[in-house]
file query.pdb (PDB, C-alpha atoms)
ATOM      1  CA  MET F   1      33.238  -9.238  12.831  1.00  0.00           C
ATOM      2  CA  ILE F   2      29.441  -8.997  13.050  1.00  0.00           C
ATOM      3  CA  ARG F   3      28.368  -5.638  14.469  1.00  0.00           C
ATOM      4  CA  VAL F   4      25.257  -5.927  16.646  1.00  0.00           C
ATOM      5  CA  VAL F   5      22.915  -3.490  18.393  1.00  0.00           C
ATOM      6  CA  VAL F   6      20.520  -4.695  21.116  1.00  0.00           C
ATOM      7  CA  ILE F   7      17.239  -2.832  21.667  1.00  0.00           C
ATOM      8  CA  ASP F   8      15.214  -4.051  24.651  1.00  0.00           C
ATOM      9  CA  ASP F   9      13.456  -2.201  27.458  1.00  0.00           C
ATOM     10  CA  HIS F  10      14.192  -4.868  30.076  1.00  0.00           C
ATOM     11  CA  GLU F  11      17.649  -3.981  31.355  1.00  0.00           C
ATOM     12  CA  VAL F  12      18.368  -7.367  32.933  1.00  0.00           C
ATOM     13  CA  VAL F  13      17.448  -9.158  29.710  1.00  0.00           C
ATOM     14  CA  ARG F  14      19.397  -6.684  27.576  1.00  0.00           C
ATOM     15  CA  LYS F  15      22.522  -6.889  29.706  1.00  0.00           C
ATOM     16  CA  GLY F  16      22.320 -10.674  29.841  1.00  0.00           C
ATOM     17  CA  ILE F  17      22.105 -10.953  26.070  1.00  0.00           C
ATOM     18  CA  ILE F  18      24.981  -8.543  25.604  1.00  0.00           C
ATOM     19  CA  ALA F  19      27.145 -10.398  28.111  1.00  0.00           C
ATOM     20  CA  TYR F  20      26.690 -13.632  26.192  1.00  0.00           C
ATOM     21  CA  LEU F  21      27.216 -12.064  22.786  1.00  0.00           C
ATOM     22  CA  GLN F  22      30.493 -10.594  23.982  1.00  0.00           C
ATOM     23  CA  THR F  23      31.833 -14.094  24.625  1.00  0.00           C
ATOM     24  CA  ASP F  24      31.716 -14.842  20.890  1.00  0.00           C
ATOM     25  CA  ASP F  25      34.812 -13.698  19.013  1.00  0.00           C
ATOM     26  CA  GLN F  26      32.816 -13.187  15.795  1.00  0.00           C
ATOM     27  CA  ILE F  27      30.386 -10.690  17.334  1.00  0.00           C
ATOM     28  CA  GLU F  28      30.917  -7.103  18.462  1.00  0.00           C
ATOM     29  CA  VAL F  29      28.134  -5.344  20.365  1.00  0.00           C
ATOM     30  CA  VAL F  30      28.347  -1.747  19.144  1.00  0.00           C
ATOM     31  CA  GLY F  31      25.455  -0.308  21.123  1.00  0.00           C
ATOM     32  CA  GLU F  32      22.287  -0.799  23.143  1.00  0.00           C
ATOM     33  CA  GLU F  33      19.056   1.101  23.769  1.00  0.00           C
ATOM     34  CA  SER F  34      15.922   0.642  25.863  1.00  0.00           C
ATOM     35  CA  ASN F  35      13.293   1.908  23.413  1.00  0.00           C
ATOM     36  CA  GLY F  36      12.491   1.997  19.730  1.00  0.00           C
ATOM     37  CA  HIS F  37      12.850   5.740  19.185  1.00  0.00           C
ATOM     38  CA  ASP F  38      16.359   5.982  20.639  1.00  0.00           C
ATOM     39  CA  GLY F  39      17.219   2.649  19.044  1.00  0.00           C
ATOM     40  CA  VAL F  40      16.551   4.031  15.573  1.00  0.00           C
ATOM     41  CA  SER F  41      18.819   7.014  16.272  1.00  0.00           C
ATOM     42  CA  LEU F  42      21.564   4.714  17.552  1.00  0.00           C
ATOM     43  CA  VAL F  43      21.384   2.459  14.505  1.00  0.00           C
ATOM     44  CA  LYS F  44      21.752   5.460  12.214  1.00  0.00           C
ATOM     45  CA  LYS F  45      24.925   6.442  14.088  1.00  0.00           C
ATOM     46  CA  VAL F  46      26.700   3.099  14.374  1.00  0.00           C
ATOM     47  CA  ASN F  47      25.372   1.279  11.255  1.00  0.00           C
ATOM     48  CA  PRO F  48      25.294  -2.295  12.639  1.00  0.00           C
ATOM     49  CA  ASP F  49      24.959  -5.478  10.609  1.00  0.00           C
ATOM     50  CA  VAL F  50      22.271  -6.936  12.888  1.00  0.00           C
ATOM     51  CA  VAL F  51      19.757  -5.505  15.359  1.00  0.00           C
ATOM     52  CA  LEU F  52      18.187  -7.632  18.092  1.00  0.00           C
ATOM     53  CA  MET F  53      14.805  -5.964  18.555  1.00  0.00           C
ATOM     54  CA  ASP F  54      12.214  -6.290  21.300  1.00  0.00           C
ATOM     55  CA  LEU F  55       8.633  -5.570  20.217  1.00  0.00           C
ATOM     56  CA  ILE F  56       6.698  -4.071  23.122  1.00  0.00           C
ATOM     57  CA  MET F  57       8.512  -0.992  24.408  1.00  0.00           C
ATOM     58  CA  GLU F  58       7.633   2.501  25.497  1.00  0.00           C
ATOM     59  CA  ASN F  59       8.531   5.388  23.196  1.00  0.00           C
ATOM     60  CA  GLY F  60       8.481   3.476  19.936  1.00  0.00           C
ATOM     61  CA  THR F  61       7.502  -0.144  19.323  1.00  0.00           C
ATOM     62  CA  GLY F  62       9.782  -2.688  17.723  1.00  0.00           C
ATOM     63  CA  ILE F  63       7.595  -2.779  14.621  1.00  0.00           C
ATOM     64  CA  GLU F  64       7.814   0.989  14.166  1.00  0.00           C
ATOM     65  CA  ALA F  65      11.552   0.908  14.797  1.00  0.00           C
ATOM     66  CA  THR F  66      12.018  -1.909  12.282  1.00  0.00           C
ATOM     67  CA  GLU F  67      10.221   0.087   9.590  1.00  0.00           C
ATOM     68  CA  ASP F  68      12.247   3.227  10.339  1.00  0.00           C
ATOM     69  CA  ILE F  69      15.595   1.408  10.380  1.00  0.00           C
ATOM     70  CA  LEU F  70      14.977  -0.452   7.131  1.00  0.00           C
ATOM     71  CA  ALA F  71      13.784   2.719   5.428  1.00  0.00           C
ATOM     72  CA  ASP F  72      17.330   4.073   5.853  1.00  0.00           C
ATOM     73  CA  SER F  73      19.390   0.880   5.915  1.00  0.00           C
ATOM     74  CA  SER F  74      17.975  -1.963   3.854  1.00  0.00           C
ATOM     75  CA  ASP F  75      21.118  -4.063   4.415  1.00  0.00           C
ATOM     76  CA  CYS F  76      20.621  -4.190   8.174  1.00  0.00           C
ATOM     77  CA  LYS F  77      19.116  -7.467   9.413  1.00  0.00           C
ATOM     78  CA  ILE F  78      16.454  -7.071  12.113  1.00  0.00           C
ATOM     79  CA  ILE F  79      15.989 -10.083  14.383  1.00  0.00           C
ATOM     80  CA  ILE F  80      12.890  -9.824  16.543  1.00  0.00           C
ATOM     81  CA  LEU F  81      13.468 -11.180  20.061  1.00  0.00           C
ATOM     82  CA  THR F  82      10.269 -11.078  22.070  1.00  0.00           C
ATOM     83  CA  SER F  83       7.922 -12.941  24.382  1.00  0.00           C
ATOM     84  CA  TYR F  84       4.977 -12.420  22.051  1.00  0.00           C
ATOM     85  CA  TYR F  85       3.909 -14.698  19.228  1.00  0.00           C
ATOM     86  CA  ASP F  86       0.312 -13.744  18.520  1.00  0.00           C
ATOM     87  CA  ASP F  87      -1.052 -12.614  15.166  1.00  0.00           C
ATOM     88  CA  GLU F  88      -1.028  -8.944  16.168  1.00  0.00           C
ATOM     89  CA  GLN F  89       2.747  -9.035  16.625  1.00  0.00           C
ATOM     90  CA  VAL F  90       4.121 -11.711  14.307  1.00  0.00           C
ATOM     91  CA  PHE F  91       2.615 -10.658  10.981  1.00  0.00           C
ATOM     92  CA  PRO F  92       3.119  -6.889  11.331  1.00  0.00           C
ATOM     93  CA  ALA F  93       6.743  -7.519  12.334  1.00  0.00           C
ATOM     94  CA  LEU F  94       7.406  -9.723   9.303  1.00  0.00           C
ATOM     95  CA  GLU F  95       5.577  -7.320   7.019  1.00  0.00           C
ATOM     96  CA  ALA F  96       7.691  -4.467   8.417  1.00  0.00           C
ATOM     97  CA  GLY F  97      10.747  -6.331   7.148  1.00  0.00           C
ATOM     98  CA  ALA F  98      12.016  -8.306  10.155  1.00  0.00           C
ATOM     99  CA  PHE F  99      14.530 -10.884   8.928  1.00  0.00           C
ATOM    100  CA  SER F 100      14.031 -13.452  11.699  1.00  0.00           C
ATOM    101  CA  TYR F 101      11.646 -13.903  14.634  1.00  0.00           C
ATOM    102  CA  LEU F 102      12.808 -15.490  17.896  1.00  0.00           C
ATOM    103  CA  LEU F 103      11.191 -15.867  21.298  1.00  0.00           C
ATOM    104  CA  LYS F 104      12.892 -14.959  24.557  1.00  0.00           C
ATOM    105  CA  THR F 105      12.638 -18.613  25.524  1.00  0.00           C
ATOM    106  CA  SER F 106      15.322 -19.252  22.888  1.00  0.00           C
ATOM    107  CA  SER F 107      18.706 -20.254  24.245  1.00  0.00           C
ATOM    108  CA  ALA F 108      21.576 -17.798  24.066  1.00  0.00           C
ATOM    109  CA  ALA F 109      23.289 -20.161  21.634  1.00  0.00           C
ATOM    110  CA  ASP F 110      20.216 -20.086  19.368  1.00  0.00           C
ATOM    111  CA  ILE F 111      20.288 -16.285  19.361  1.00  0.00           C
ATOM    112  CA  VAL F 112      23.945 -16.278  18.360  1.00  0.00           C
ATOM    113  CA  ASP F 113      23.216 -18.863  15.679  1.00  0.00           C
ATOM    114  CA  ALA F 114      20.407 -16.680  14.270  1.00  0.00           C
ATOM    115  CA  ILE F 115      22.763 -13.689  14.141  1.00  0.00           C
ATOM    116  CA  LYS F 116      25.365 -15.669  12.205  1.00  0.00           C
ATOM    117  CA  LYS F 117      22.762 -17.137   9.868  1.00  0.00           C
ATOM    118  CA  ALA F 118      21.447 -13.650   9.142  1.00  0.00           C
ATOM    119  CA  MET F 119      24.870 -12.742   7.783  1.00  0.00           C
ATOM    120  CA  ILE F 120      24.680 -15.536   5.208  1.00  0.00           C
ATOM    121  CA  GLY F 121      21.069 -14.834   4.313  1.00  0.00           C
ATOM    122  CA  GLU F 122      19.373 -17.596   6.303  1.00  0.00           C
ATOM    123  CA  ASN F 123      16.229 -16.644   8.203  1.00  0.00           C
ATOM    124  CA  VAL F 124      15.185 -18.198  11.498  1.00  0.00           C
ATOM    125  CA  LEU F 125      11.575 -18.477  12.615  1.00  0.00           C
ATOM    126  CA  ALA F 126      10.852 -19.764  16.117  1.00  0.00           C
ATOM    127  CA  PRO F 127       9.086 -23.155  15.842  1.00  0.00           C
ATOM    128  CA  LYS F 128       6.280 -21.993  18.130  1.00  0.00           C
ATOM    129  CA  VAL F 129       5.702 -19.005  15.863  1.00  0.00           C
ATOM    130  CA  ALA F 130       5.655 -21.139  12.739  1.00  0.00           C
ATOM    131  CA  SER F 131       3.503 -24.000  13.998  1.00  0.00           C
ATOM    132  CA  LYS F 132       1.042 -22.262  16.314  1.00  0.00           C
ATOM    133  CA  MET F 133       0.573 -18.822  14.814  1.00  0.00           C
ATOM    134  CA  LEU F 134       1.315 -19.043  11.111  1.00  0.00           C
ATOM    135  CA  SER F 135      -0.743 -22.194  10.576  1.00  0.00           C
ATOM    136  CA  GLY F 136      -3.806 -20.398  11.906  1.00  0.00           C
ATOM    137  CA  TYR F 137      -3.406 -17.410   9.624  1.00  0.00           C
ATOM    138  CA  ARG F 138      -5.848 -17.011   6.745  1.00  0.00           C
ATOM    139  CA  SER F 139      -4.727 -15.201   3.656  1.00  0.00           C
ATOM    140  CA  ASN F 140      -6.469 -14.256   0.448  1.00  0.00           C
ATOM    141  CA  GLN F 141      -3.234 -14.889  -1.444  1.00  0.00           C
ATOM    142  CA  ARG F 142      -3.899 -17.127  -4.436  1.00  0.00           C
ATOM    143  CA  ALA F 143      -2.425 -20.634  -4.512  1.00  0.00           C
ATOM    144  CA  ILE F 144       0.433 -19.821  -6.860  1.00  0.00           C
ATOM    145  CA  HIS F 145       2.463 -22.743  -5.499  1.00  0.00           C
ATOM    146  CA  ASP F 146       0.693 -24.818  -8.168  1.00  0.00           C
ATOM    147  CA  GLU F 147       3.129 -23.188 -10.594  1.00  0.00           C
ATOM    148  CA  LEU F 148       6.093 -24.861  -8.859  1.00  0.00           C
ATOM    149  CA  THR F 149       7.696 -28.017 -10.174  1.00  0.00           C
ATOM    150  CA  ALA F 150       7.510 -31.139  -8.019  1.00  0.00           C
ATOM    151  CA  ARG F 151      11.111 -30.628  -6.873  1.00  0.00           C
ATOM    152  CA  GLU F 152      10.556 -26.946  -6.146  1.00  0.00           C
ATOM    153  CA  LEU F 153       7.536 -27.848  -4.019  1.00  0.00           C
ATOM    154  CA  GLU F 154       9.682 -30.331  -2.080  1.00  0.00           C
ATOM    155  CA  VAL F 155      12.249 -27.598  -1.431  1.00  0.00           C
ATOM    156  CA  LEU F 156       9.495 -25.146  -0.431  1.00  0.00           C
ATOM    157  CA  LEU F 157       8.127 -27.581   2.153  1.00  0.00           C
ATOM    158  CA  CYS F 158      11.628 -28.012   3.543  1.00  0.00           C
ATOM    159  CA  ILE F 159      11.881 -24.228   3.867  1.00  0.00           C
ATOM    160  CA  GLY F 160       8.541 -24.272   5.668  1.00  0.00           C
ATOM    161  CA  ASN F 161      10.030 -26.755   8.127  1.00  0.00           C
ATOM    162  CA  GLY F 162      12.885 -24.335   8.833  1.00  0.00           C
ATOM    163  CA  MET F 163      15.584 -26.361   7.102  1.00  0.00           C
ATOM    164  CA  THR F 164      18.841 -24.786   5.900  1.00  0.00           C
ATOM    165  CA  ASN F 165      20.204 -25.231   2.380  1.00  0.00           C
ATOM    166  CA  LYS F 166      22.646 -27.834   3.689  1.00  0.00           C
ATOM    167  CA  GLU F 167      19.861 -29.785   5.391  1.00  0.00           C
ATOM    168  CA  ILE F 168      17.719 -29.627   2.242  1.00  0.00           C
ATOM    169  CA  SER F 169      20.682 -30.821   0.171  1.00  0.00           C
ATOM    170  CA  GLU F 170      21.177 -33.827   2.447  1.00  0.00           C
ATOM    171  CA  LYS F 171      17.464 -34.671   2.636  1.00  0.00           C
ATOM    172  CA  LEU F 172      16.816 -34.495  -1.104  1.00  0.00           C
ATOM    173  CA  TYR F 173      20.258 -35.762  -2.200  1.00  0.00           C
ATOM    174  CA  ILE F 174      20.988 -32.738  -4.369  1.00  0.00           C
ATOM    175  CA  GLY F 175      23.889 -30.305  -4.397  1.00  0.00           C
ATOM    176  CA  ILE F 176      23.943 -27.030  -2.452  1.00  0.00           C
ATOM    177  CA  LYS F 177      24.181 -25.085  -5.707  1.00  0.00           C
ATOM    178  CA  THR F 178      21.090 -26.861  -7.012  1.00  0.00           C
ATOM    179  CA  VAL F 179      19.221 -26.073  -3.776  1.00  0.00           C
ATOM    180  CA  LYS F 180      20.113 -22.392  -4.121  1.00  0.00           C
ATOM    181  CA  THR F 181      18.856 -22.406  -7.699  1.00  0.00           C
ATOM    182  CA  HIS F 182      15.557 -23.967  -6.632  1.00  0.00           C
ATOM    183  CA  VAL F 183      15.193 -21.454  -3.780  1.00  0.00           C
ATOM    184  CA  SER F 184      15.783 -18.575  -6.188  1.00  0.00           C
ATOM    185  CA  HIS F 185      13.117 -19.894  -8.565  1.00  0.00           C
ATOM    186  CA  ILE F 186      10.678 -20.465  -5.697  1.00  0.00           C
ATOM    187  CA  LEU F 187      11.044 -16.926  -4.366  1.00  0.00           C
ATOM    188  CA  ALA F 188      10.498 -15.532  -7.855  1.00  0.00           C
ATOM    189  CA  LYS F 189       7.424 -17.663  -8.558  1.00  0.00           C
ATOM    190  CA  LEU F 190       5.829 -16.925  -5.175  1.00  0.00           C
ATOM    191  CA  ASP F 191       6.745 -13.248  -5.539  1.00  0.00           C
ATOM    192  CA  VAL F 192       8.329 -13.106  -2.082  1.00  0.00           C
ATOM    193  CA  ASN F 193      11.592 -11.510  -1.001  1.00  0.00           C
ATOM    194  CA  ASP F 194      13.208 -14.110   1.245  1.00  0.00           C
ATOM    195  CA  ARG F 195      12.979 -17.494   2.935  1.00  0.00           C
ATOM    196  CA  THR F 196      11.005 -16.171   5.892  1.00  0.00           C
ATOM    197  CA  GLN F 197       8.244 -14.957   3.598  1.00  0.00           C
ATOM    198  CA  ALA F 198       8.353 -18.289   1.757  1.00  0.00           C
ATOM    199  CA  ALA F 199       7.923 -20.089   5.090  1.00  0.00           C
ATOM    200  CA  VAL F 200       5.025 -17.779   5.927  1.00  0.00           C
ATOM    201  CA  TYR F 201       3.459 -18.720   2.567  1.00  0.00           C
ATOM    202  CA  VAL F 202       3.764 -22.421   3.417  1.00  0.00           C
ATOM    203  CA  HIS F 203       1.951 -22.012   6.701  1.00  0.00           C
ATOM    204  CA  ARG F 204      -0.640 -19.558   5.413  1.00  0.00           C
ATOM    205  CA  ASN F 205      -1.631 -22.092   2.781  1.00  0.00           C
ATOM    206  CA  GLN F 206      -1.369 -25.026   5.179  1.00  0.00           C
ATOM    207  CA  LEU F 207       0.947 -26.951   2.865  1.00  0.00           C
ATOM    208  CA  LEU F 208       2.445 -28.948   5.743  1.00  0.00           C
ATOM    209  CA  ARG F 209       0.089 -31.760   6.560  1.00  0.00           C
TER
END

call {"tool": "encode", "arguments": {"input": "query.pdb", "output": "structure tokens"}}
result
Amino acid sequence: MIRVVVIDDHEVVRKGIIAYLQTDDQIEVVGEESNGHDGVSLVKKVNPDVVLMDLIMENGTGIEATEDILADSSDCKIIILTSYYDDEQVFPALEAGAFSYLLKTSSAADIVDAIKKAMIGENVLAPKVASKMLSGYRSNQRAIHDELTARELEVLLCIGNGMTNKEISEKLYIGIKTVKTHVSHILAKLDVNDRTQAAVYVHRNQLLR
């Protein structure tokens, strides 16, 4: 059972999300809060696997709450669920340690899918966030992707397109285990922690043409 906490200051939205999550027999909603400050306290009490986190709230933003939660519970996966996808929100949220970033225009099924993927280590980045915001970001990070092999670069571009290991395996005609090995090497060479940060790297360096 995946234990989930929902933190959102819009009660109608929060209740609607919870109602849908409760229809899935793999998910248990173990708490809800309307602001970041109280959300952090709740997470410390109930120790969920996943937190659905709004960003703009009174009494503690989602970014601040994400930092505070992960400072105490690094295993908890924070999924941002917001209406905002501008630079001032996306990058600070990812840098704070958010595992995935979804927009409130996402379907309920997509939210559930992101929760389940979080439990197997697969990040989800809303397409609008990836294509519109990340591609416009300018970074002073050096182009260390030149150190990747040709196959690793292919896998990295697939990650940048939001593909899962299974999808990469099918596209490149290689085994899942081989994909995982390539992903591990890519993360190490780029000096990033997870697939979301690898996808951010792809878009920062405009590798998708």

call {"tool": "atom_distance", "arguments": {"input": "query.pdb", "atom1": "atom CA of Ile2 of chain F", "atom2": "atom CA of Glu28 of chain F"}}
result
5.9 Å

call {"tool": "resolve_selection", "arguments": {"input": "query.pdb", "expression": "the PyMOL selection byres ((chain F and resi 120) around 12)", "output": "PyMOL selection string"}}
result
chain F and resi 2+49-50+77+99+113-119+121-124+164-165

call {"tool": "residues_around", "arguments": {"input": "query.pdb", "residues": "Thr196 of chain F", "least_positions_apart": "4", "cutoff": "12 Å", "atoms": "all atoms listed in the file", "output": "PyMOL selection string"}}
result
chain F and resi 79+90-91+93-95+97-101+118+121-126+129-130+134+156+159-164+183+187+192+200-203

call {"tool": "atom_distance", "arguments": {"input": "query.pdb", "atom1": "atom CA of Val6 of chain F", "atom2": "atom CA of Ala65 of chain F"}}
result
12.3 Å

call {"tool": "axis_aligned_box", "arguments": {"input": "query.pdb", "around": "segment 115-125 of chain F", "padding_each_side": "8 Å", "output": "AutoDock Vina command-line options"}}
result
--center_x 18.5 --center_y -15.6 --center_z 9.2 --size_x 29.8 --size_y 21.7 --size_z 25.8

call {"tool": "decode", "arguments": {"input": "query.pdb", "residues": "segment 17-122 of chain F", "atoms": "C-alpha atoms", "output": "PDB file, in the first residue's frame"}}
result
ATOM      1  CA  ILE F  17      -7.857  14.517  -5.450  1.00  0.00           C
ATOM      2  CA  ILE F  18      -8.319  12.550  -2.253  1.00  0.00           C
ATOM      3  CA  ALA F  19     -11.655  11.157  -3.410  1.00  0.00           C
ATOM      4  CA  TYR F  20     -10.059   9.815  -6.572  1.00  0.00           C
ATOM      5  CA  LEU F  21      -6.996   8.433  -4.828  1.00  0.00           C
ATOM      6  CA  GLN F  22      -9.231   6.521  -2.444  1.00  0.00           C
ATOM      7  CA  THR F  23     -10.710   4.595  -5.370  1.00  0.00           C
ATOM      8  CA  ASP F  24      -7.333   2.952  -6.016  1.00  0.00           C
ATOM      9  CA  ASP F  25      -6.726  -0.152  -3.915  1.00  0.00           C
ATOM     10  CA  GLN F  26      -2.947   0.411  -3.963  1.00  0.00           C
ATOM     11  CA  ILE F  27      -3.132   3.874  -2.388  1.00  0.00           C
ATOM     12  CA  GLU F  28      -4.000   4.931   1.154  1.00  0.00           C
ATOM     13  CA  VAL F  29      -4.455   8.631   1.908  1.00  0.00           C
ATOM     14  CA  VAL F  30      -3.052   9.008   5.424  1.00  0.00           C
ATOM     15  CA  GLY F  31      -3.565  12.738   5.839  1.00  0.00           C
ATOM     16  CA  GLU F  32      -4.207  16.155   4.332  1.00  0.00           C
ATOM     17  CA  GLU F  33      -3.304  19.763   5.115  1.00  0.00           C
ATOM     18  CA  SER F  34      -4.023  23.190   3.649  1.00  0.00           C
ATOM     19  CA  ASN F  35      -0.616  24.836   4.100  1.00  0.00           C
ATOM     20  CA  GLY F  36       3.071  24.053   4.034  1.00  0.00           C
ATOM     21  CA  HIS F  37       3.813  24.623   7.717  1.00  0.00           C
ATOM     22  CA  ASP F  38       1.124  22.255   8.999  1.00  0.00           C
ATOM     23  CA  GLY F  39       1.895  19.879   6.143  1.00  0.00           C
ATOM     24  CA  VAL F  40       5.469  19.448   7.342  1.00  0.00           C
ATOM     25  CA  SER F  41       4.243  18.651  10.863  1.00  0.00           C
ATOM     26  CA  LEU F  42       1.751  16.124   9.497  1.00  0.00           C
ATOM     27  CA  VAL F  43       4.370  14.372   7.381  1.00  0.00           C
ATOM     28  CA  LYS F  44       6.626  14.003  10.409  1.00  0.00           C
ATOM     29  CA  LYS F  45       3.762  12.315  12.277  1.00  0.00           C
ATOM     30  CA  VAL F  46       2.453   9.913   9.646  1.00  0.00           C
ATOM     31  CA  ASN F  47       5.638   9.253   7.588  1.00  0.00           C
ATOM     32  CA  PRO F  48       4.035   8.832   4.131  1.00  0.00           C
ATOM     33  CA  ASP F  49       5.691   7.356   1.058  1.00  0.00           C
ATOM     34  CA  VAL F  50       4.523  10.179  -1.225  1.00  0.00           C
ATOM     35  CA  VAL F  51       3.411  13.781  -0.715  1.00  0.00           C
ATOM     36  CA  LEU F  52       1.317  15.626  -3.297  1.00  0.00           C
ATOM     37  CA  MET F  53       2.405  19.229  -2.777  1.00  0.00           C
ATOM     38  CA  ASP F  54       0.891  22.492  -3.966  1.00  0.00           C
ATOM     39  CA  LEU F  55       3.369  25.357  -4.367  1.00  0.00           C
ATOM     40  CA  ILE F  56       1.639  28.655  -3.623  1.00  0.00           C
ATOM     41  CA  MET F  57       0.066  28.519  -0.169  1.00  0.00           C
ATOM     42  CA  GLU F  58      -0.219  30.752   2.846  1.00  0.00           C
ATOM     43  CA  ASN F  59       1.825  29.887   5.931  1.00  0.00           C
ATOM     44  CA  GLY F  60       4.622  28.038   4.187  1.00  0.00           C
ATOM     45  CA  THR F  61       5.194  27.568   0.460  1.00  0.00           C
ATOM     46  CA  GLY F  62       5.490  24.196  -1.204  1.00  0.00           C
ATOM     47  CA  ILE F  63       9.176  24.794  -1.887  1.00  0.00           C
ATOM     48  CA  GLU F  64       9.895  25.528   1.774  1.00  0.00           C
ATOM     49  CA  ALA F  65       7.832  22.531   2.842  1.00  0.00           C
ATOM     50  CA  THR F  66       9.651  20.274   0.379  1.00  0.00           C
ATOM     51  CA  GLU F  67      13.025  21.316   1.789  1.00  0.00           C
ATOM     52  CA  ASP F  68      11.866  20.795   5.381  1.00  0.00           C
ATOM     53  CA  ILE F  69      10.316  17.383   4.694  1.00  0.00           C
ATOM     54  CA  LEU F  70      13.333  16.044   2.823  1.00  0.00           C
ATOM     55  CA  ALA F  71      15.687  17.315   5.510  1.00  0.00           C
ATOM     56  CA  ASP F  72      14.037  14.822   7.888  1.00  0.00           C
ATOM     57  CA  SER F  73      12.835  12.126   5.494  1.00  0.00           C
ATOM     58  CA  SER F  74      14.982  11.671   2.408  1.00  0.00           C
ATOM     59  CA  ASP F  75      13.009   8.566   1.375  1.00  0.00           C
ATOM     60  CA  CYS F  76       9.763  10.491   0.998  1.00  0.00           C
ATOM     61  CA  LYS F  77       8.887  11.332  -2.616  1.00  0.00           C
ATOM     62  CA  ILE F  78       7.518  14.851  -3.141  1.00  0.00           C
ATOM     63  CA  ILE F  79       5.318  15.291  -6.209  1.00  0.00           C
ATOM     64  CA  ILE F  80       4.599  18.926  -6.985  1.00  0.00           C
ATOM     65  CA  LEU F  81       1.019  19.462  -8.189  1.00  0.00           C
ATOM     66  CA  THR F  82       0.463  23.077  -9.141  1.00  0.00           C
ATOM     67  CA  SER F  83      -0.912  25.499 -11.703  1.00  0.00           C
ATOM     68  CA  TYR F  84       2.434  27.247 -12.061  1.00  0.00           C
ATOM     69  CA  TYR F  85       5.196  26.348 -14.481  1.00  0.00           C
ATOM     70  CA  ASP F  86       7.364  29.449 -14.674  1.00  0.00           C
ATOM     71  CA  ASP F  87      11.081  29.592 -13.934  1.00  0.00           C
ATOM     72  CA  GLU F  88      10.537  31.061 -10.467  1.00  0.00           C
ATOM     73  CA  GLN F  89       8.618  27.958  -9.392  1.00  0.00           C
ATOM     74  CA  VAL F  90       9.912  25.037 -11.444  1.00  0.00           C
ATOM     75  CA  PHE F  91      13.652  25.292 -10.822  1.00  0.00           C
ATOM     76  CA  PRO F  92      13.524  26.109  -7.094  1.00  0.00           C
ATOM     77  CA  ALA F  93      11.110  23.201  -6.593  1.00  0.00           C
ATOM     78  CA  LEU F  94      13.386  20.743  -8.398  1.00  0.00           C
ATOM     79  CA  GLU F  95      16.442  22.099  -6.622  1.00  0.00           C
ATOM     80  CA  ALA F  96      14.625  21.683  -3.292  1.00  0.00           C
ATOM     81  CA  GLY F  97      14.382  17.975  -4.079  1.00  0.00           C
ATOM     82  CA  ALA F  98      10.932  17.524  -5.642  1.00  0.00           C
ATOM     83  CA  PHE F  99      10.790  14.091  -7.276  1.00  0.00           C
ATOM     84  CA  SER F 100       8.193  14.896  -9.946  1.00  0.00           C
ATOM     85  CA  TYR F 101       6.411  18.021 -11.195  1.00  0.00           C
ATOM     86  CA  LEU F 102       2.811  17.880 -12.430  1.00  0.00           C
ATOM     87  CA  LEU F 103       0.307  20.555 -13.383  1.00  0.00           C
ATOM     88  CA  LYS F 104      -3.246  20.682 -12.080  1.00  0.00           C
ATOM     89  CA  THR F 105      -4.407  20.220 -15.656  1.00  0.00           C
ATOM     90  CA  SER F 106      -3.129  16.636 -15.357  1.00  0.00           C
ATOM     91  CA  SER F 107      -5.809  13.970 -15.293  1.00  0.00           C
ATOM     92  CA  ALA F 108      -6.526  12.140 -12.063  1.00  0.00           C
ATOM     93  CA  ALA F 109      -5.229   8.972 -13.710  1.00  0.00           C
ATOM     94  CA  ASP F 110      -1.938  10.725 -14.532  1.00  0.00           C
ATOM     95  CA  ILE F 111      -1.567  11.780 -10.899  1.00  0.00           C
ATOM     96  CA  VAL F 112      -2.099   8.212  -9.728  1.00  0.00           C
ATOM     97  CA  ASP F 113       0.369   6.987 -12.338  1.00  0.00           C
ATOM     98  CA  ALA F 114       2.992   9.484 -11.099  1.00  0.00           C
ATOM     99  CA  ILE F 115       2.487   8.276  -7.522  1.00  0.00           C
ATOM    100  CA  LYS F 116       3.020   4.655  -8.541  1.00  0.00           C
ATOM    101  CA  LYS F 117       6.030   5.519 -10.682  1.00  0.00           C
ATOM    102  CA  ALA F 118       7.574   7.385  -7.758  1.00  0.00           C
ATOM    103  CA  MET F 119       7.554   4.141  -5.795  1.00  0.00           C
ATOM    104  CA  ILE F 120       9.690   2.431  -8.438  1.00  0.00           C
ATOM    105  CA  GLY F 121      12.007   5.394  -8.870  1.00  0.00           C
ATOM    106  CA  GLU F 122      10.577   6.858 -12.075  1.00  0.00           C
TER     107      GLU F 122
END
